$ cat model-v3.txt   # compact mmCIF, C-alpha atoms
# COMPACT_ATOMS: atom_id res chain seq x y z
CA MET A 1067 12.99 -4.15 103.22
CA GLY A 1068 13.13 -0.68 101.77
CA SER A 1069 16.85 -1.04 101.19
CA SER A 1070 16.49 -4.28 99.25
CA ARG A 1071 13.84 -2.75 97.04
CA LEU A 1072 16.11 0.19 96.48
CA SER A 1073 18.86 -2.19 95.49
CA TRP A 1074 16.49 -3.79 93.02
CA MET A 1075 15.72 -0.36 91.58
CA LYS A 1076 19.41 0.38 91.18
CA GLN A 1077 19.91 -2.89 89.33
CA ASN A 1078 16.86 -2.29 87.17
CA PRO A 1079 16.92 1.42 86.36
CA THR A 1080 14.40 1.07 83.56
CA LYS A 1081 11.74 -0.40 85.83
CA THR A 1082 9.53 1.77 87.97
CA LEU A 1083 7.44 1.06 91.03
CA LEU A 1084 4.22 2.88 90.41
CA PRO A 1085 1.96 3.64 93.37
CA LEU A 1086 -1.33 1.78 93.25
CA ARG A 1087 -4.51 3.78 93.18
CA GLU A 1088 -7.86 2.82 94.64
CA GLY A 1089 -9.24 -0.33 93.07
CA GLN A 1090 -6.14 -0.81 90.99
CA SER A 1091 -4.15 -3.98 90.53
CA SER A 1092 -2.11 -5.13 87.58
CA GLN A 1093 -5.12 -7.13 86.34
CA LEU A 1094 -2.61 -9.32 84.54
CA ALA A 1095 -2.20 -13.02 85.07
CA LEU A 1096 1.00 -13.66 86.97
CA ASP A 1097 3.56 -15.83 85.22
CA LEU A 1098 3.52 -19.09 87.15
CA ASP A 1099 6.69 -20.45 85.58
CA THR A 1100 8.68 -17.40 86.67
CA LEU A 1101 7.19 -17.59 90.16
CA ARG A 1102 8.34 -21.19 90.40
CA GLU A 1103 11.92 -19.94 90.12
CA ILE A 1104 11.61 -18.16 93.47
CA PRO A 1105 13.79 -20.08 95.90
CA VAL A 1106 11.89 -22.10 98.46
CA GLY A 1107 13.50 -23.62 101.50
CA GLU A 1108 13.60 -24.04 105.22
CA ALA A 1109 12.96 -20.95 107.32
CA MET A 1110 15.94 -19.33 108.97
CA GLN A 1111 13.69 -18.30 111.84
CA SER A 1112 11.21 -20.59 113.52
CA VAL A 1113 9.34 -18.45 116.09
CA PHE A 1114 6.60 -16.13 114.93
CA TYR A 1115 4.21 -13.86 116.80
CA ARG A 1116 0.48 -13.46 116.67
CA ALA A 1117 -2.00 -11.35 118.66
CA VAL A 1118 -5.00 -13.56 119.33
CA HIS A 1119 -8.63 -12.83 120.19
CA ILE A 1120 -9.67 -13.58 123.78
CA PRO A 1121 -12.98 -15.45 123.79
CA VAL A 1122 -15.65 -15.07 126.44
CA ARG A 1123 -15.04 -18.65 127.57
CA GLY A 1124 -12.17 -21.07 127.19
CA GLU A 1125 -8.69 -20.64 125.78
CA PRO A 1126 -7.91 -18.49 122.75
CA ASN A 1127 -7.40 -20.38 119.52
CA PRO A 1128 -4.15 -19.14 117.97
CA LEU A 1129 -4.85 -21.03 114.74
CA TYR A 1130 -8.26 -19.52 114.08
CA SER A 1131 -8.47 -17.77 110.73
CA ILE A 1132 -11.42 -16.24 108.92
CA PRO A 1133 -11.35 -17.75 105.41
CA SER A 1134 -10.39 -15.50 102.49
CA SER A 1135 -9.46 -12.56 104.68
CA GLY A 1136 -6.65 -10.03 104.61
CA ARG A 1137 -3.91 -9.31 102.12
CA TRP A 1138 -3.13 -12.95 101.26
CA PRO A 1139 -6.56 -14.59 101.16
CA THR A 1140 -6.81 -18.36 100.90
CA ALA A 1141 -9.13 -20.87 102.55
CA TRP A 1142 -6.80 -20.78 105.57
CA THR A 1143 -4.14 -18.11 105.96
CA LEU A 1144 -2.66 -17.64 109.39
CA TYR A 1145 -1.02 -14.24 109.68
CA THR A 1146 2.02 -14.02 111.91
CA GLY A 1147 4.83 -11.51 112.37
CA THR A 1148 8.55 -12.11 112.63
CA SER A 1149 8.69 -9.92 115.72
CA GLU A 1150 6.32 -8.86 118.45
CA PRO A 1151 6.07 -5.23 117.27
CA VAL A 1152 4.95 -6.45 113.85
CA ALA A 1153 2.16 -8.54 115.40
CA TRP A 1154 0.87 -5.57 117.40
CA ALA A 1155 1.28 -3.12 114.53
CA GLU A 1156 -0.82 -5.31 112.26
CA TYR A 1157 -3.47 -5.37 114.97
CA CYS A 1158 -3.41 -1.56 115.25
CA ARG A 1159 -3.53 -1.10 111.46
CA ASN A 1160 -6.54 -3.42 111.29
CA HIS A 1161 -8.47 -1.34 113.79
CA ALA A 1162 -7.46 2.24 113.17
CA ARG A 1163 -10.93 3.48 114.07
CA ASP A 1164 -10.76 1.97 117.54
CA ILE A 1165 -7.26 3.30 118.05
CA GLY A 1166 -8.82 6.67 117.24
CA LEU A 1167 -11.47 6.12 119.92
CA SER A 1168 -8.80 5.18 122.47
CA ASP A 1169 -7.22 8.63 122.76
CA VAL A 1170 -5.24 8.70 126.01
CA THR A 1171 -4.47 12.42 125.70
CA GLY A 1172 -8.01 13.59 126.28
CA GLY A 1173 -8.23 15.21 122.88
CA VAL A 1174 -4.98 17.17 123.13
CA GLY A 1175 -3.01 14.85 120.86
CA LEU A 1176 0.58 13.69 121.01
CA THR A 1177 3.56 15.85 120.28
CA ARG A 1178 7.27 15.18 120.33
CA ALA A 1179 7.39 16.76 123.78
CA THR A 1180 4.61 14.67 125.27
CA LEU A 1181 5.33 11.34 123.56
CA PRO A 1182 7.76 10.08 126.23
CA SER A 1183 5.11 10.61 128.91
CA TYR A 1184 2.46 8.61 127.08
CA ALA A 1185 4.60 6.07 125.21
CA HIS A 1186 4.37 3.35 127.84
CA LEU A 1187 0.62 3.58 128.40
CA GLU A 1188 -1.79 1.09 126.90
CA VAL A 1189 -4.23 1.69 124.07
CA ASP A 1190 -7.27 -0.11 125.37
CA LYS A 1191 -10.32 2.11 125.72
CA ALA A 1192 -12.03 0.77 122.62
CA LEU A 1193 -9.43 -1.75 121.49
CA PRO A 1194 -9.88 -5.25 122.91
CA ARG A 1195 -6.92 -6.80 124.67
CA ARG A 1196 -5.29 -9.75 122.98
CA SER A 1197 -3.31 -12.78 124.00
CA LEU A 1198 0.13 -12.95 122.45
CA TYR A 1199 1.24 -16.30 121.07
CA GLU A 1200 4.65 -17.45 120.01
CA LEU A 1201 4.21 -20.04 117.30
CA ARG A 1202 7.08 -22.30 116.35
CA PHE A 1203 7.03 -23.70 112.85
CA GLU A 1204 9.57 -25.85 111.08
CA PHE A 1205 8.87 -25.04 107.46
CA ARG A 1206 10.30 -27.04 104.60
CA ALA A 1207 8.97 -24.84 101.82
CA MET A 1208 8.99 -21.20 102.82
CA ALA A 1209 9.41 -18.55 100.14
CA ASP A 1210 11.21 -15.41 101.26
CA LEU A 1211 9.78 -12.74 98.97
CA THR A 1212 11.92 -10.01 100.51
CA THR A 1213 15.22 -10.93 98.88
CA PRO A 1214 16.34 -8.86 95.87
CA TRP A 1215 16.32 -11.98 93.70
CA ALA A 1216 12.77 -12.93 94.73
CA GLU A 1217 11.66 -9.34 94.12
CA GLU A 1218 13.15 -9.40 90.66
CA LEU A 1219 11.39 -12.65 89.84
CA LEU A 1220 8.12 -11.29 91.21
CA ALA A 1221 8.47 -8.23 89.00
CA ARG A 1222 9.28 -10.37 85.99
CA ALA A 1223 6.21 -12.46 86.72
CA GLY A 1224 4.07 -9.31 86.54
CA PHE A 1225 3.69 -8.68 90.26
CA ASN A 1226 3.75 -4.98 91.15
CA LEU A 1227 6.03 -4.76 94.20
CA GLN A 1228 4.06 -1.78 95.46
CA SER A 1229 1.27 -4.28 96.18
CA PHE A 1230 3.05 -5.24 99.41
CA TYR A 1231 1.96 -1.87 100.79
CA ALA A 1232 -1.34 -1.40 98.96
CA ASP A 1233 -4.33 -0.65 101.14
CA ARG A 1234 -7.59 -2.55 101.43
CA ALA A 1235 -9.21 0.18 99.32
CA SER A 1236 -6.99 -0.79 96.38
CA GLY A 1237 -7.78 -4.47 96.85
CA TYR A 1238 -4.23 -5.07 98.10
CA GLY A 1239 -2.92 -4.78 94.55
CA ASP A 1240 -1.58 -8.08 93.20
CA CYS A 1241 -1.30 -9.84 96.58
CA PRO A 1242 -4.60 -11.77 96.32
CA ALA A 1243 -3.70 -12.91 92.80
CA LEU A 1244 -0.41 -14.27 94.07
CA ALA A 1245 -2.13 -15.91 97.05
CA ALA A 1246 -4.44 -17.71 94.63
CA LEU A 1247 -1.38 -19.41 93.10
CA VAL A 1248 0.00 -20.66 96.42
CA PRO A 1249 -1.43 -24.20 96.02
CA ASP A 1250 0.27 -24.47 92.60
CA LEU A 1251 3.54 -23.19 94.01
CA GLY A 1252 3.48 -25.50 97.02
CA TRP A 1253 4.44 -22.71 99.40
CA GLU A 1254 3.90 -23.44 103.07
CA ALA A 1255 4.51 -19.83 104.07
CA ILE A 1256 5.91 -16.62 102.67
CA GLN A 1257 7.98 -13.87 104.23
CA VAL A 1258 6.77 -10.49 103.04
CA PRO A 1259 7.12 -6.85 104.10
CA SER A 1260 4.69 -5.65 106.73
CA ALA A 1261 2.60 -2.70 105.61
CA ALA A 1262 1.97 -1.90 109.26
CA TRP A 1263 5.59 -1.88 110.42
CA GLN A 1264 7.57 -0.46 107.53
CA ARG A 1265 11.01 -0.89 108.99
CA PRO A 1266 13.97 -3.15 108.31
CA ASP A 1267 12.74 -5.71 110.86
CA GLY A 1268 9.13 -5.54 109.70
CA PHE A 1269 8.13 -8.80 108.12
CA CYS A 1270 4.88 -10.70 108.04
CA LEU A 1271 4.75 -14.40 107.67
CA PRO A 1272 1.44 -15.64 106.31
CA VAL A 1273 1.19 -19.41 106.78
CA PHE A 1274 -0.89 -21.38 104.31
CA GLU A 1275 -2.70 -24.70 104.55
CA GLU A 1276 0.40 -26.59 103.39
CA GLY A 1277 2.32 -25.17 106.32
CA ARG A 1278 -0.27 -25.87 108.97
CA GLY A 1279 1.26 -29.23 109.77
CA ARG A 1280 4.66 -27.62 110.34
CA LEU A 1281 3.54 -26.12 113.64
CA VAL A 1282 5.57 -27.69 116.41
CA ASP A 1283 4.67 -25.49 119.37
CA ALA A 1284 2.28 -22.71 120.37
CA THR A 1285 3.05 -20.80 123.55
CA ARG A 1286 0.75 -18.20 125.07
CA SER A 1287 3.38 -15.71 126.16
CA LEU A 1288 0.93 -13.00 127.25
CA GLU A 1289 -2.52 -13.77 128.62
CA ALA A 1290 -3.99 -10.32 128.08
CA ALA A 1291 -2.23 -7.24 126.78
CA SER A 1292 -2.74 -4.13 124.71
CA PRO A 1293 -0.39 -2.38 122.31
CA SER A 1294 1.47 0.50 123.87
CA VAL A 1295 0.89 4.08 122.77
CA ALA A 1296 4.42 4.08 121.31
CA LEU A 1297 3.54 1.06 119.19
CA ALA A 1298 0.33 2.67 117.97
CA VAL A 1299 2.18 5.84 117.02
CA ALA A 1300 4.88 3.91 115.16
CA THR A 1301 2.35 1.90 113.15
CA THR A 1302 1.67 2.76 109.51
CA TYR A 1303 -2.07 3.02 108.85
CA PRO A 1304 -3.98 2.85 105.58
CA GLU A 1305 -4.07 6.15 103.74
CA GLY A 1306 -6.37 8.62 105.47
CA GLU A 1307 -6.97 6.36 108.48
CA ARG A 1308 -4.17 7.40 110.82
CA PRO A 1309 -5.87 8.51 114.06
CA GLY A 1310 -5.35 12.22 114.58
CA TRP A 1311 -4.35 12.04 118.24
CA LEU A 1312 -1.26 9.98 117.33
CA GLY A 1313 0.33 13.02 115.70
CA SER A 1314 2.32 12.87 112.50
CA MET B 1222 40.59 17.53 103.10
CA THR B 1223 42.77 14.43 103.37
CA PRO B 1224 43.21 11.10 101.62
CA ALA B 1225 41.44 9.50 104.60
CA LEU B 1226 38.14 10.63 103.12
CA PHE B 1227 38.61 8.43 100.08
CA GLU B 1228 37.87 4.74 99.82
CA ALA B 1229 40.94 2.54 99.61
CA GLY B 1230 42.54 2.58 96.17
CA THR B 1231 40.76 5.68 94.93
CA TRP B 1232 43.10 8.38 96.17
CA ARG B 1233 45.28 10.26 93.63
CA GLU B 1234 47.63 13.13 94.19
CA GLY B 1235 46.00 16.42 93.32
CA LEU B 1236 42.49 15.32 94.24
CA GLU B 1237 42.63 17.47 97.34
CA GLU B 1238 42.26 20.41 94.99
CA LEU B 1239 38.82 19.15 94.04
CA LEU B 1240 37.43 18.97 97.56
CA TRP B 1241 36.08 22.01 99.25
CA SER B 1242 33.16 22.99 101.34
CA CYS B 1243 30.12 24.59 99.82
CA GLU B 1244 31.08 27.86 101.46
CA GLU B 1245 34.32 28.20 99.48
CA GLN B 1246 33.89 30.05 96.20
CA ASP B 1247 35.94 30.12 93.00
CA ARG B 1248 37.50 26.71 93.50
CA PRO B 1249 38.24 24.33 90.59
CA THR B 1250 35.48 21.95 89.57
CA GLY B 1251 37.73 19.26 88.20
CA TRP B 1252 37.23 19.96 84.52
CA GLU B 1253 40.21 22.25 84.58
CA LEU B 1254 42.44 19.41 85.80
CA GLY B 1255 41.03 16.75 83.53
CA TYR B 1256 39.23 14.91 86.32
CA ARG B 1257 35.63 14.00 86.35
CA VAL B 1258 33.64 12.81 89.37
CA VAL B 1259 32.23 9.42 88.47
CA ALA B 1260 31.00 8.30 91.87
CA LEU B 1261 30.19 10.11 95.03
CA THR B 1262 29.18 8.58 98.33
CA PHE B 1263 27.74 10.54 101.20
CA TYR B 1264 28.09 9.10 104.64
CA GLY B 1265 25.37 9.66 107.20
CA GLY B 1266 23.54 12.39 105.39
CA GLY B 1267 20.93 10.43 103.43
CA SER B 1268 17.24 11.03 103.68
CA ALA B 1269 15.20 7.83 103.84
CA ALA B 1270 12.09 9.73 102.85
CA ALA B 1271 13.75 11.24 99.79
CA ASP B 1272 15.21 7.87 98.75
CA ALA B 1273 11.85 6.22 99.12
CA GLU B 1274 10.09 8.93 97.18
CA ALA B 1275 12.63 8.66 94.37
CA ALA B 1276 12.03 4.91 94.19
CA GLY B 1277 8.27 5.25 94.24
CA GLU B 1278 8.07 3.60 97.65
CA PRO B 1279 5.78 4.72 100.43
CA ALA B 1280 7.75 7.24 102.45
CA PRO B 1281 8.56 5.96 105.92
CA HIS B 1282 7.21 7.98 108.81
CA GLY B 1283 9.59 10.58 110.00
CA GLY B 1284 9.73 12.44 113.25
CA LEU B 1285 7.26 11.33 115.83
CA ALA B 1286 6.65 7.85 114.40
CA GLU B 1287 10.35 7.06 114.27
CA GLU B 1288 10.87 8.26 117.83
CA ALA B 1289 7.90 6.16 118.86
CA ALA B 1290 9.32 3.10 117.07
CA ALA B 1291 12.44 3.26 119.20
CA LEU B 1292 10.29 3.42 122.34
CA ALA B 1293 8.00 0.67 121.06
CA LEU B 1294 10.89 -1.75 120.78
CA ASP B 1295 11.29 -1.42 124.56
CA THR B 1296 7.56 -1.42 125.28
CA PRO B 1297 5.52 -2.97 122.48
CA HIS B 1298 2.70 -3.97 124.80
CA VAL B 1299 1.23 -3.30 128.21
CA VAL B 1300 0.05 -6.29 130.23
CA THR B 1301 -3.36 -5.84 131.79
CA PRO B 1302 -5.07 -7.96 134.40
CA HIS B 1303 -7.52 -10.29 132.74
CA ALA B 1304 -10.82 -10.03 134.59
CA SER B 1305 -13.25 -12.90 134.22
CA PRO B 1306 -16.07 -11.83 131.93
CA PRO B 1307 -19.63 -12.06 133.24
CA ARG B 1308 -21.45 -15.32 132.64
CA LEU B 1309 -24.26 -15.52 130.16
CA SER B 1310 -27.64 -15.98 131.84
CA ASN B 1311 -29.68 -17.15 128.83
CA ASN B 1312 -31.96 -14.21 129.57
CA LEU B 1313 -31.53 -12.12 126.42
CA ALA B 1314 -32.39 -8.77 127.96
CA GLU B 1315 -30.25 -9.43 131.02
CA ASP B 1316 -27.30 -10.53 128.87
CA VAL B 1317 -27.41 -7.37 126.76
CA HIS B 1318 -27.66 -5.28 129.93
CA VAL B 1319 -24.90 -7.07 131.86
CA VAL B 1320 -22.48 -8.40 129.22
CA ALA B 1321 -22.73 -5.45 126.82
CA GLY B 1322 -22.75 -3.10 129.79
CA LEU B 1323 -25.60 -1.05 128.36
CA THR B 1324 -27.98 0.76 130.67
CA TRP B 1325 -31.69 0.18 130.26
CA ALA B 1326 -31.90 3.74 128.99
CA GLN B 1327 -29.35 2.99 126.26
CA ILE B 1328 -31.17 -0.20 125.27
CA ALA B 1329 -34.44 1.74 125.20
CA GLN B 1330 -32.83 4.35 122.96
CA VAL B 1331 -32.06 1.70 120.32
CA PHE B 1332 -35.75 0.87 120.01
CA LYS B 1333 -37.12 4.35 120.76
CA ILE B 1334 -39.08 3.05 123.73
CA SER B 1335 -39.15 4.01 127.39
CA GLU B 1336 -36.46 2.89 129.80
CA ARG B 1337 -39.12 1.24 131.91
CA ALA B 1338 -40.37 -0.81 128.96
CA ALA B 1339 -36.88 -2.00 128.16
CA ALA B 1340 -36.16 -2.94 131.75
CA GLY B 1341 -39.39 -4.88 131.77
CA TRP B 1342 -38.01 -7.28 129.16
CA ARG B 1343 -35.89 -8.84 131.87
CA THR B 1344 -38.96 -10.47 133.39
CA GLN B 1345 -41.42 -10.37 130.49
CA GLY B 1346 -39.05 -11.45 127.74
CA VAL B 1347 -37.98 -9.57 124.63
CA PRO B 1348 -40.84 -9.11 122.13
CA PRO B 1349 -40.35 -11.26 119.02
CA HIS B 1350 -39.93 -8.26 116.70
CA ARG B 1351 -37.07 -6.94 118.88
CA GLN B 1352 -35.24 -10.22 119.27
CA GLU B 1353 -33.08 -10.05 116.16
CA THR B 1354 -31.52 -6.76 117.19
CA MET B 1355 -31.14 -7.84 120.81
CA GLU B 1356 -29.49 -11.11 119.77
CA ALA B 1357 -27.11 -9.18 117.57
CA LEU B 1358 -26.22 -6.90 120.48
CA ARG B 1359 -25.56 -9.97 122.63
CA ALA B 1360 -23.42 -11.50 119.87
CA ILE B 1361 -21.35 -8.31 119.68
CA ALA B 1362 -20.92 -8.33 123.44
CA VAL B 1363 -19.94 -12.00 123.55
CA THR B 1364 -17.31 -11.43 120.85
CA LEU B 1365 -15.73 -8.44 122.54
CA VAL B 1366 -16.20 -8.91 126.28
CA GLY B 1367 -13.20 -11.24 126.68
CA GLY B 1368 -10.89 -8.44 125.56
CA LEU B 1369 -12.78 -5.37 126.71
CA GLY B 1370 -14.87 -6.34 129.73
CA SER B 1371 -18.48 -5.17 129.97
CA ALA B 1372 -17.62 -1.53 130.51
CA GLY B 1373 -15.32 -1.66 127.50
CA VAL B 1374 -18.02 -3.17 125.31
CA ALA B 1375 -20.33 -0.33 126.31
CA ARG B 1376 -17.58 2.16 125.44
CA TRP B 1377 -17.00 0.42 122.10
CA LEU B 1378 -20.70 0.79 121.31
CA THR B 1379 -21.26 4.31 122.55
CA THR B 1380 -18.13 6.34 121.77
CA GLY B 1381 -17.49 8.14 118.50
CA ARG B 1382 -19.65 10.31 116.28
CA PRO B 1383 -21.73 8.63 115.15
CA SER B 1384 -21.33 5.92 117.75
CA ARG B 1385 -21.92 2.33 116.79
CA LEU B 1386 -25.13 2.40 118.81
CA ASP B 1387 -26.23 5.39 116.70
CA ARG B 1388 -25.43 3.43 113.56
CA ILE B 1389 -27.48 0.48 114.81
CA ILE B 1390 -30.37 2.83 115.43
CA HIS B 1391 -30.02 4.04 111.85
CA GLY B 1392 -30.13 0.58 110.34
CA GLU B 1393 -26.44 -0.40 110.19
CA LEU B 1394 -26.73 -3.36 112.52
CA ALA B 1395 -25.11 -5.84 110.12
CA SER B 1396 -22.01 -3.74 109.51
CA VAL B 1397 -21.50 -3.18 113.25
CA VAL B 1398 -21.81 -6.93 113.84
CA ASP B 1399 -19.19 -7.47 111.12
CA GLU B 1400 -16.86 -4.98 112.80
CA ALA B 1401 -17.11 -6.91 116.04
CA LYS B 1402 -16.58 -10.25 114.30
CA SER B 1403 -13.48 -8.89 112.57
CA TYR B 1404 -11.81 -8.97 116.00
CA GLU B 1405 -11.88 -12.77 116.00
CA ASP B 1406 -8.95 -12.86 113.59
CA THR B 1407 -5.82 -10.76 113.10
CA PRO B 1408 -5.13 -10.66 109.38
CA ALA B 1409 -2.37 -8.61 107.84
CA THR B 1410 -3.96 -5.75 105.93
$ encode --input "model-v3.txt" --output "structure tokens"
Amino acid sequence: MGSSRLSWMKQNPTKTLLPLREGQSSQLALDLDTLREIPVGEAMQSVFYRAVHIPVRGEPNPLYSIPSSGRWPTAWTLYTGTSEPVAWAEYCRNHARDIGLSDVTGGVGLTRATLPSYAHLEVDKALPRRSLYELRFEFRAMADLTTPWAEELLARAGFNLQSFYADRASGYGDCPALAALVPDLGWEAIQVPSAAWQRPDGFCLPVFEEGRGRLVDATRSLEAASPSVALAVATTYPEGERPGWLGS
Amino acid sequence: MTPALFEAGTWREGLEELLWSCEEQDRPTGWELGYRVVALTFYGGGSAAADAEAAGEPAPHGGLAEEAAALALDTPHVVTPHASPPRLSNNLAEDVHVVAGLTWAQIAQVFKISERAAAGWRTQGVPPHRQETMEALRAIAVTLVGGLGSAGVARWLTTGRPSRLDRIIHGELASVVDEAKSYEDTPAT
């Protein structure tokens, strides 16, 4: 993702990605006509990953979503990741405090020398285990917002690309404003960078109400599991929330 | 330096004079020969953090996080045996004690009463003016026990400074309940 944004910068040397500060978004209406130019089509990938709450009784519900929550709030947004590490990293980022309370080093903290010894342990002291689901969708109208062309159109429409990584404290930048336009745009789902797993394979796939009917299969691939220490260390946390024992 | 270093079609005789290591002094810069460097590509020496900073992007984690990412691809999760959570008894005091894993002393601490008085609620019932807090504690336990087990719920409530139990004692019951409920979903944030 970083490389495509860099390519956009090289093609648009006069434009600048300004970091968002707390409480800051563009506060400008996004240009709907320009957003409509973003290509929409069938998804290249069909299997997505989601860490799901384990209830006290019965089976987990992989389609449960708290309304108007997260970076892309709508009445129903189902957050999935394009890979398993993304799904776990989003879970860790969501609950940085409980990762902090799950120190497996006994207060010593991780270092480069000790990481290999701890990497394969679980983070579970204060972090509830999750079921892992593989959800198969067959989207007809998915917008991939990670392509250089989509990024350029987003920028032209007034969307600050830094919003993809903005923290909760900054109101997630322009992401909620774009999510509010999803019904007008007819998007079933969008592929976006993951703020929690900021690597070339780190994409989130929020699914919207229009895409709900595109679910063709939901498989519970793990009944109960925790993210590994390695995963927790590799996760990007909101500014100032990275647990100290994970090292830097 | 050899023509092999140049991309196909860019090599010209005499360019070898322009290539030297940084340790060699008093070599021509190119101006003397009428050449000017218009493009330069470095292979393998880029800094992702520097590139990101120049583009105004969040700098990727270096060092430990990147090493961990490589390990996490092999082991993103650890499977744990899923123990059956305790059944709810419909006895409020008993449920908070068993499902939340709190001792009678810890329950008593929330209300600043004696351990014996708290334990007595099991048979005498929870007084009406304590029920709201006790029901909230049970709700927290019910939300989390599937993933943490009773002992884990107790840890979730009692670890940290201040612990969540401390915060409940100091009037932050609603925000602690919200924290527990936030575990029902996994939004991207």
$ closest_residue --input "model-v3.txt" --among "A:Thr1285, A:Asn1226, A:Gln1264, A:Ser1183" --to "chain B" --atoms "only C-alpha atoms"
A:Gln1264
$ interface_residues --input "model-v3.txt" --of "chain B" --to "chain A" --cutoff "7 Å" --atoms "only C-alpha atoms" --output "MDAnalysis selection string"
chainID B and resid 1276:1277 1281 1285:1287 1289:1290 1292:1294 1296:1303 1306 1363:1369 1373 1376:1377 1380:1381 1404:1410
$ atom_distance --input "model-v3.txt" --atom1 "atom CA of B:Gly1392" --atom2 "atom CA of B:Gly1322"
21.1 Å
$ atom_distance --input "model-v3.txt" --atom1 "atom CA of A:Tyr1184" --atom2 "atom CA of B:Gly1284"
16.1 Å
$ atom_distance --input "model-v3.txt" --atom1 "atom CA of B:Val1397" --atom2 "atom CA of B:Ile1361"
8.2 Å
$ closest_residue --input "model-v3.txt" --among "A:Pro1105, A:Glu1125, A:Asp1097, A:Gly1239" --to "A:Trp1215" --atoms "all atoms listed in the file"
A:Pro1105
$ residues_around --input "model-v3.txt" --residues "B:Arg1343" --least-positions-apart "2" --cutoff "12 Å" --atoms "only C-alpha atoms" --output "list in words"
Ser1310, Asn1311, Asn1312, Leu1313, Ala1314, Glu1315, Asp1316, Val1317, His1318, Val1319, Trp1325, Ile1328, Glu1336, Arg1337, Ala1338, Ala1339, Ala1340, Gly1341, Gln1345, Gly1346, Val1347 and Pro1348 of chain B
